[in-house]
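Below is one structure; the comments refer to it alone.
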Amino acid sequence: MASRTIDVVAPGPLSGDPYAPGATAWGLAAGLARQGDDVAVLYPAAGGAPPPTDGLTSVPFELPLRHPGAPAEGADLVASAGRHVRKTADSVVRDPIGLGRLGLHRSSGRGPMVVGFVRGLELAAYDHDRPGGTAGFRDRLDRWRDRRSVRRLEEAALREADRLFCDAPDLPRVLSEQYGIPTSRCRTAVPPVPRLPELLPPDEARGSFRIPTDVPVVAAPAPFEQPEPSGTDRAREAFRRVRSFFPGARLIVTGTLAPAEPHVTVAPERDGATLARALAAADVVVFDRRVPGFDPGAILAMRAGRAVIAGPGVRFPTEPGEAVRPLVTDDPGEFASVLAELLADPSARRPLAAAATAYASAFDPDRVAMDVAAALAPIPA
């Protein structure tokens, strides 16, 4: 396959945090580079960011914000990135597509192809975060103006794209109904979840946390720095309820702070190496976030071959089936019951882990990069 020149627009610099806003863009860029493509990542400059790896070219740019704090702020990032797209670029990938146009000069079939990843409608997110109510006239007018701006900029972003990758099967229909985007432009692809460092042997990983090698271990990665939206308290409550049945059992909380209590190890660092150690040490990994959304940590736990419990706030782009044990409600008793069952029966964990590994393979950046590469070919007439 001939090498392509591809620019990837990321919302942030390279980060060791698997939950960082730009993680999927950087993971996809690395996957494209491993295919042999010439890949550059365009991102807002930030001090102290680690240097890019995996053969990527780093293109940081200054981000003058014309609308700081406004819903349309993301359009400033895209416009700035568009001014730094390489003249030799065959394609530009936006992950996520966000708001606004790159503003590339394209005519008569010339200029780079634009590919965008759609994680959901920005307009729907705006309506969720800023619901209408009984505010005064001025507030209602401001909300109307902001919403109109979001809709206009989202439509501009979608119409500029030649290909759209949607991580939910029904999104092409929604884009067609809301914005008249032809479904022929759309493909379905799951988010590319970057790889963690190689996992340590379980005994070595447990030793790094000063945990005995012969006790049950539960890991609870936090998707946010704040424990409350991460649902860390739910994991601790479920663990408290089952701990008396499993002498010596330990809980590892990563990525956030948590109150000190017996048999709970807290590793607040938000980096791939810490998460990888926790996953390697764990028998069961739990996710029960309060803020609904896709959780890359759950995919990383599945990729590691661990039994995963997922609360109702964890969203998956495709049905995970037997790859997770779902919690139907927020009831701590249900959480504790499922956790106790899996800790007590290793034979119940093995088929769950096998299904999880198979499901997580679709989220590998190299696999998603192959889907992107296939979409860069012209659509047959």
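Labels used: A, B, ... for chains in the order of the structure tokens, numbers from 1 for residues in each chain, and numbers from 1 for ligands as shown.
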request  = Would you list, as a ChimeraX atom specification, the residues of stretch 164-315 of chain A that end up in alpha helix (DSSP H) under DSSP run on this structure's backbone?
outcome  = /A:171-179,202-208,227-230,232-243,272-281,296-303
Using only C-alpha atoms, I'd like a table of the residues in stretch 55-155 of chain A that come within 7 Å of stretch 25-37 of chain A; for each, show the closest atom pair and its distance in Å rounded to one decimal, ordered by chain and ascending number, as a tab-separated table.
residue	atom	partner	partner_atom	distance
A:Gly55	CA	A:Ala33	CA	6.4
A:Leu56	CA	A:Ala33	CA	6.7
A:Asp95	CA	A:Ala25	CA	5.4
query = What lies within 9 Å of A:Asp203 using only C-alpha atoms, ignoring chain neighbours under 5 positions off, as number ranges by chain?
reply = A: 208, 211-214, 280-281
For the residues in that selection, give me all heavy atoms as a compact mmCIF listing (two decimals), in the first residue's frame.
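Produced file part.txt, reproduced below:
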# COMPACT_ATOMS: atom_id res chain seq x y z
N SER A 208 3.93 -4.34 43.69
CA SER A 208 4.16 -2.90 43.55
C SER A 208 3.17 -2.08 44.36
O SER A 208 3.42 -0.92 44.68
CB SER A 208 4.08 -2.50 42.07
OG SER A 208 2.74 -2.56 41.60
N ILE A 211 0.49 -5.58 48.04
CA ILE A 211 -0.67 -6.44 48.24
C ILE A 211 -0.22 -7.89 48.19
O ILE A 211 0.55 -8.27 47.30
CB ILE A 211 -1.73 -6.18 47.15
CG1 ILE A 211 -2.33 -4.77 47.30
CG2 ILE A 211 -2.84 -7.22 47.20
CD1 ILE A 211 -3.29 -4.39 46.20
N PRO A 212 -0.66 -8.73 49.12
CA PRO A 212 -0.29 -10.16 49.07
C PRO A 212 -0.72 -10.80 47.75
O PRO A 212 -1.69 -10.36 47.11
CB PRO A 212 -1.05 -10.76 50.25
CG PRO A 212 -1.30 -9.61 51.17
CD PRO A 212 -1.48 -8.41 50.30
N THR A 213 -0.02 -11.82 47.37
CA THR A 213 -0.30 -12.45 46.07
C THR A 213 -1.44 -13.45 46.11
O THR A 213 -1.88 -13.91 45.05
CB THR A 213 0.97 -13.17 45.56
OG1 THR A 213 1.35 -14.18 46.51
CG2 THR A 213 2.11 -12.17 45.38
N ASP A 214 -1.92 -13.79 47.31
CA ASP A 214 -2.91 -14.86 47.41
C ASP A 214 -4.27 -14.38 47.91
O ASP A 214 -5.03 -15.13 48.52
CB ASP A 214 -2.40 -15.96 48.35
CG ASP A 214 -2.08 -15.42 49.75
OD1 ASP A 214 -2.06 -14.19 49.93
OD2 ASP A 214 -1.88 -16.25 50.66
N ALA A 280 -3.25 -5.36 35.97
CA ALA A 280 -2.49 -6.61 36.08
C ALA A 280 -2.68 -7.26 37.44
O ALA A 280 -2.66 -8.49 37.56
CB ALA A 280 -1.00 -6.33 35.84
N ALA A 281 -2.88 -6.44 38.48
CA ALA A 281 -3.03 -6.97 39.84
C ALA A 281 -4.43 -7.49 40.13
O ALA A 281 -4.63 -8.28 41.06
CB ALA A 281 -2.67 -5.88 40.86
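The nearest approach to A:Ala205 among the residues A:Thr274, A:Thr57, A:Thr329, A:Ser3, with only C-alpha atoms taken into account, belongs to A:Thr274.
Using only C-alpha atoms for every distance, the candidate list A:Pro112, A:Pro365, A:Gly293, A:Pro221 yields A:Pro221 as the residue closest to A:Ile309.
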ask   = Near A:Gly103, counting only C-alpha atoms, which residues have an atom at most 8 Å away, once you skip same-chain residues fewer than 6 positions from it, shown as number ranges by chain?
value = A: 79, 82-83
With N, CA and C atoms retained, could you export that selection as a PDB file, in the first residue's frame?
ATOM      1  N   ALA A  79     -10.335  26.083  13.505  1.00  0.00           N
ATOM      2  CA  ALA A  79      -9.874  27.087  12.550  1.00  0.00           C
ATOM      3  C   ALA A  79      -8.366  27.278  12.639  1.00  0.00           C
ATOM      4  N   GLY A  82      -6.659  24.338  11.030  1.00  0.00           N
ATOM      5  CA  GLY A  82      -6.734  24.387   9.576  1.00  0.00           C
ATOM      6  C   GLY A  82      -5.627  25.209   8.952  1.00  0.00           C
ATOM      7  N   ARG A  83      -5.145  26.228   9.671  1.00  0.00           N
ATOM      8  CA  ARG A  83      -4.069  27.065   9.135  1.00  0.00           C
ATOM      9  C   ARG A  83      -2.714  26.362   9.210  1.00  0.00           C
TER      10      ARG A  83
END
